[in-house]
file start00.txt (compact mmCIF, C-alpha atoms)
# COMPACT_ATOMS: atom_id res chain seq x y z
CA MET Z 1415 -47.10 -13.39 43.93
CA PHE Z 1416 -43.89 -11.93 45.26
CA GLY Z 1417 -40.58 -13.75 45.34
CA PRO Z 1418 -38.28 -13.91 48.36
CA LEU Z 1419 -37.16 -10.62 49.88
CA TYR Z 1420 -33.78 -9.31 48.81
CA GLN Z 1421 -31.63 -9.10 51.92
CA LEU Z 1422 -28.87 -6.50 51.90
CA GLU Z 1423 -26.96 -8.18 54.75
CA LYS Z 1424 -26.49 -11.21 52.50
CA ASN Z 1425 -25.43 -9.01 49.59
CA PRO Z 1426 -23.28 -6.13 50.92
CA GLY Z 1427 -21.72 -3.72 48.47
CA GLU Z 1428 -22.45 -0.79 46.22
CA TYR Z 1429 -25.87 -0.30 44.65
CA GLU Z 1430 -27.37 2.06 42.09
CA VAL Z 1431 -31.04 2.86 41.52
CA LYS Z 1432 -31.98 4.50 38.24
CA VAL Z 1433 -35.29 6.32 37.88
CA LEU Z 1434 -37.14 6.83 34.61
CA TRP Z 1435 -39.47 9.78 34.09
CA ASN Z 1436 -41.50 9.94 30.88
CA ASN Z 1437 -39.49 6.91 29.69
CA ARG Z 1438 -36.23 8.87 30.01
CA LEU Z 1439 -33.49 8.47 32.59
CA ALA Z 1440 -34.01 11.24 35.17
CA ARG Z 1441 -32.21 10.21 38.39
CA SER Z 1442 -29.35 8.03 39.58
CA ILE Z 1443 -29.01 7.19 43.27
CA LYS Z 1444 -25.93 5.35 44.53
CA PHE Z 1445 -25.51 3.92 48.02
CA THR Z 1446 -23.49 1.31 49.91
CA ALA Z 1447 -24.82 -1.49 52.11
CA GLY Z 1448 -22.58 -2.86 54.85
CA ALA Z 1449 -22.18 -6.47 55.96
CA ASP Z 1450 -24.90 -5.84 58.58
CA GLY Z 1451 -27.36 -4.82 55.83
CA LYS Z 1452 -27.44 -1.18 56.94
CA LEU Z 1453 -26.85 1.67 54.53
CA ASP Z 1454 -23.74 3.81 54.90
CA ASP Z 1455 -24.80 6.72 57.14
CA HIS Z 1456 -21.48 8.54 57.56
CA ILE Z 1457 -23.02 11.87 56.42
CA THR Z 1458 -25.83 11.60 58.97
CA ALA Z 1459 -23.36 10.74 61.75
CA ALA Z 1460 -20.88 13.49 60.80
CA ASN Z 1461 -23.64 16.10 60.92
CA LYS Z 1462 -25.17 14.80 64.15
CA LEU Z 1463 -28.66 14.78 62.66
CA GLY Z 1464 -29.94 12.59 65.49
CA SER Z 1465 -31.94 10.13 63.44
CA ASN Z 1466 -31.59 6.83 61.65
CA ARG Z 1467 -32.18 8.42 58.26
CA VAL Z 1468 -29.58 8.14 55.53
CA ILE Z 1469 -28.54 10.97 53.22
CA VAL Z 1470 -27.39 10.00 49.74
CA PRO Z 1471 -26.58 12.23 46.76
CA VAL Z 1472 -29.03 11.99 43.87
CA GLN Z 1473 -27.80 12.80 40.39
CA ILE Z 1474 -30.31 14.71 38.27
CA ILE Z 1475 -29.92 13.61 34.66
CA GLY Z 1476 -31.20 15.41 31.59
CA ASP Z 1477 -33.24 18.57 31.24
CA GLN Z 1478 -36.73 17.41 32.24
CA ASP Z 1479 -36.65 19.53 35.41
CA GLY Z 1480 -35.74 22.72 33.62
CA PRO Z 1481 -33.04 25.02 35.01
CA TRP Z 1482 -32.00 24.53 38.64
CA ASP Z 1483 -29.21 25.68 40.94
CA ARG Z 1484 -26.58 22.93 41.23
CA ALA Z 1485 -24.95 24.71 44.19
CA ALA Z 1486 -28.15 25.04 46.25
CA TRP Z 1487 -27.03 22.24 48.60
CA LYS Z 1488 -24.18 24.51 49.77
CA ASN Z 1489 -26.18 27.70 50.25
CA ASP Z 1490 -29.82 26.79 50.80
CA ALA Z 1491 -29.92 23.36 52.44
CA PHE Z 1492 -30.15 23.27 56.23
CA TYR Z 1493 -30.45 27.05 56.53
CA GLY Z 1494 -27.17 27.77 54.75
CA ASN Z 1495 -25.17 25.12 56.65
CA PRO Z 1496 -23.83 22.65 54.08
CA LEU Z 1497 -23.52 19.04 55.17
CA ILE Z 1498 -20.15 17.84 56.41
CA GLY Z 1499 -18.84 14.99 54.23
CA PHE Z 1500 -21.43 15.49 51.49
CA THR Z 1501 -20.23 15.63 47.90
CA ALA Z 1502 -22.74 16.50 45.21
CA THR Z 1503 -22.86 14.25 42.17
CA PRO Z 1504 -21.92 15.81 38.83

call {"tool": "encode", "arguments": {"input": "start00.txt", "output": "structure tokens"}}
result
Amino acid sequence: MFGPLYQLEKNPGEYEVKVLWNNRLARSIKFTAGADGKLDDHITAANKLGSNRVIVPVQIIGDQDGPWDRAAWKNDAFYGNPLIGFTATP
């Protein structure tokens, strides 16, 4: 049986989700929940994406993915138009 739902509006603040892949840390996702329980959507608003989706940086940890272009978000995302207000994680 499930316990009570975790309500973000009752617990505003910064959160981090860590993802394991093959029992090794592979991703870290950080986001902020406001007092209304909604996630910080300043990147979505600044880029006028016209939806209620939230964009958050995801840190890729380790070498399980093989080589990849860390600058692709600047050149390849959204047809070469980098997101305003987006900062990639190290």

call {"tool": "atom_distance", "arguments": {"input": "start00.txt", "atom1": "CA of Val1472 in chain Z", "atom2": "CA of Leu1439 in chain Z"}}
result
12.6 Å

call {"tool": "atom_distance", "arguments": {"input": "start00.txt", "atom1": "CA of Gly1476 in chain Z", "atom2": "CA of Gly1499 in chain Z"}}
result
25.8 Å

call {"tool": "residues_around", "arguments": {"input": "start00.txt", "residues": "range 1440-1455 of chain Z", "least_positions_apart": "3", "cutoff": "12 Å", "atoms": "only C-alpha atoms", "output": "NGL selection string"}}
result
:Z and (1420-1437 or 1458-1480 or 1499-1500 or 1502-1504)

call {"tool": "residues_around", "arguments": {"input": "start00.txt", "residues": "range 1481-1487 of chain Z", "least_positions_apart": "5", "cutoff": "9 Å", "atoms": "all atoms listed in the file", "output": "PyMOL selection string"}}
result
chain Z and resi 1492+1494-1497+1502+1504

call {"tool": "write_last_selection", "arguments": {"input": "start00.txt", "atoms": "C-alpha atoms", "output": "compact mmCIF listing (two decimals), in the coordinates of the input"}}
result
# COMPACT_ATOMS: atom_id res chain seq x y z
CA PHE Z 1492 -30.15 23.27 56.23
CA GLY Z 1494 -27.17 27.77 54.75
CA ASN Z 1495 -25.17 25.12 56.65
CA PRO Z 1496 -23.83 22.65 54.08
CA LEU Z 1497 -23.52 19.04 55.17
CA ALA Z 1502 -22.74 16.50 45.21
CA PRO Z 1504 -21.92 15.81 38.83

call {"tool": "axis_aligned_box", "arguments": {"input": "start00.txt", "around": "range 1439-1457 of chain Z", "padding_each_side": "5 Å", "output": "AutoDock Vina command-line options"}}
result
--center_x -27.7 --center_y 2.7 --center_z 45.6 --size_x 22.5 --size_y 28.3 --size_z 36.0

call {"tool": "build_atoms", "arguments": {"input": "start00.txt", "residues": "range 1450-1473 of chain Z", "atoms": "N, CA and C atoms", "output": "PDB file, keeping the file's coordinate frame"}}
result
ATOM      1  N   ASP Z1450     -23.756  -5.695  57.676  1.00  0.00           N
ATOM      2  CA  ASP Z1450     -24.900  -5.840  58.580  1.00  0.00           C
ATOM      3  C   ASP Z1450     -26.217  -5.509  57.883  1.00  0.00           C
ATOM      4  N   GLY Z1451     -26.163  -5.143  56.596  1.00  0.00           N
ATOM      5  CA  GLY Z1451     -27.360  -4.820  55.830  1.00  0.00           C
ATOM      6  C   GLY Z1451     -27.787  -3.369  55.959  1.00  0.00           C
ATOM      7  N   LYS Z1452     -27.074  -2.587  56.758  1.00  0.00           N
ATOM      8  CA  LYS Z1452     -27.440  -1.180  56.940  1.00  0.00           C
ATOM      9  C   LYS Z1452     -26.741  -0.320  55.881  1.00  0.00           C
ATOM     10  N   LEU Z1453     -27.424   0.755  55.498  1.00  0.00           N
ATOM     11  CA  LEU Z1453     -26.850   1.670  54.530  1.00  0.00           C
ATOM     12  C   LEU Z1453     -25.799   2.549  55.187  1.00  0.00           C
ATOM     13  N   ASP Z1454     -24.812   2.947  54.405  1.00  0.00           N
ATOM     14  CA  ASP Z1454     -23.740   3.810  54.900  1.00  0.00           C
ATOM     15  C   ASP Z1454     -24.350   5.149  55.334  1.00  0.00           C
ATOM     16  N   ASP Z1455     -24.210   5.491  56.613  1.00  0.00           N
ATOM     17  CA  ASP Z1455     -24.800   6.720  57.140  1.00  0.00           C
ATOM     18  C   ASP Z1455     -23.749   7.695  57.659  1.00  0.00           C
ATOM     19  N   HIS Z1456     -22.560   7.689  57.056  1.00  0.00           N
ATOM     20  CA  HIS Z1456     -21.480   8.540  57.560  1.00  0.00           C
ATOM     21  C   HIS Z1456     -21.829  10.032  57.485  1.00  0.00           C
ATOM     22  N   ILE Z1457     -22.638  10.458  56.513  1.00  0.00           N
ATOM     23  CA  ILE Z1457     -23.020  11.870  56.420  1.00  0.00           C
ATOM     24  C   ILE Z1457     -23.956  12.229  57.570  1.00  0.00           C
ATOM     25  N   THR Z1458     -24.906  11.363  57.858  1.00  0.00           N
ATOM     26  CA  THR Z1458     -25.830  11.600  58.970  1.00  0.00           C
ATOM     27  C   THR Z1458     -25.069  11.678  60.285  1.00  0.00           C
ATOM     28  N   ALA Z1459     -24.140  10.758  60.510  1.00  0.00           N
ATOM     29  CA  ALA Z1459     -23.360  10.740  61.750  1.00  0.00           C
ATOM     30  C   ALA Z1459     -22.464  11.965  61.865  1.00  0.00           C
ATOM     31  N   ALA Z1460     -21.796  12.346  60.768  1.00  0.00           N
ATOM     32  CA  ALA Z1460     -20.880  13.490  60.800  1.00  0.00           C
ATOM     33  C   ALA Z1460     -21.600  14.793  61.103  1.00  0.00           C
ATOM     34  N   ASN Z1461     -22.868  14.877  60.718  1.00  0.00           N
ATOM     35  CA  ASN Z1461     -23.640  16.100  60.920  1.00  0.00           C
ATOM     36  C   ASN Z1461     -24.527  16.052  62.151  1.00  0.00           C
ATOM     37  N   LYS Z1462     -24.426  14.956  62.907  1.00  0.00           N
ATOM     38  CA  LYS Z1462     -25.170  14.800  64.150  1.00  0.00           C
ATOM     39  C   LYS Z1462     -26.653  15.137  63.970  1.00  0.00           C
ATOM     40  N   LEU Z1463     -27.267  14.499  62.960  1.00  0.00           N
ATOM     41  CA  LEU Z1463     -28.660  14.780  62.660  1.00  0.00           C
ATOM     42  C   LEU Z1463     -29.620  14.105  63.629  1.00  0.00           C
ATOM     43  N   GLY Z1464     -29.130  13.180  64.438  1.00  0.00           N
ATOM     44  CA  GLY Z1464     -29.940  12.590  65.490  1.00  0.00           C
ATOM     45  C   GLY Z1464     -31.087  11.722  65.005  1.00  0.00           C
ATOM     46  N   SER Z1465     -30.890  11.033  63.924  1.00  0.00           N
ATOM     47  CA  SER Z1465     -31.940  10.130  63.440  1.00  0.00           C
ATOM     48  C   SER Z1465     -31.288   8.943  62.750  1.00  0.00           C
ATOM     49  N   ASN Z1466     -32.122   7.999  62.358  1.00  0.00           N
ATOM     50  CA  ASN Z1466     -31.590   6.830  61.650  1.00  0.00           C
ATOM     51  C   ASN Z1466     -31.791   6.965  60.143  1.00  0.00           C
ATOM     52  N   ARG Z1467     -32.030   8.174  59.684  1.00  0.00           N
ATOM     53  CA  ARG Z1467     -32.180   8.420  58.260  1.00  0.00           C
ATOM     54  C   ARG Z1467     -30.826   8.453  57.584  1.00  0.00           C
ATOM     55  N   VAL Z1468     -30.822   8.172  56.297  1.00  0.00           N
ATOM     56  CA  VAL Z1468     -29.580   8.140  55.530  1.00  0.00           C
ATOM     57  C   VAL Z1468     -29.668   9.206  54.438  1.00  0.00           C
ATOM     58  N   ILE Z1469     -28.607   9.958  54.270  1.00  0.00           N
ATOM     59  CA  ILE Z1469     -28.540  10.970  53.220  1.00  0.00           C
ATOM     60  C   ILE Z1469     -27.641  10.439  52.110  1.00  0.00           C
ATOM     61  N   VAL Z1470     -28.164  10.441  50.898  1.00  0.00           N
ATOM     62  CA  VAL Z1470     -27.390  10.000  49.740  1.00  0.00           C
ATOM     63  C   VAL Z1470     -27.531  11.043  48.635  1.00  0.00           C
ATOM     64  N   PRO Z1471     -26.463  11.307  47.888  1.00  0.00           N
ATOM     65  CA  PRO Z1471     -26.580  12.230  46.760  1.00  0.00           C
ATOM     66  C   PRO Z1471     -27.429  11.605  45.654  1.00  0.00           C
ATOM     67  N   VAL Z1472     -28.210  12.419  45.000  1.00  0.00           N
ATOM     68  CA  VAL Z1472     -29.030  11.990  43.870  1.00  0.00           C
ATOM     69  C   VAL Z1472     -28.590  12.797  42.655  1.00  0.00           C
ATOM     70  N   GLN Z1473     -28.208  12.109  41.606  1.00  0.00           N
ATOM     71  CA  GLN Z1473     -27.800  12.800  40.390  1.00  0.00           C
ATOM     72  C   GLN Z1473     -29.031  13.077  39.538  1.00  0.00           C
TER      73      GLN Z1473
END
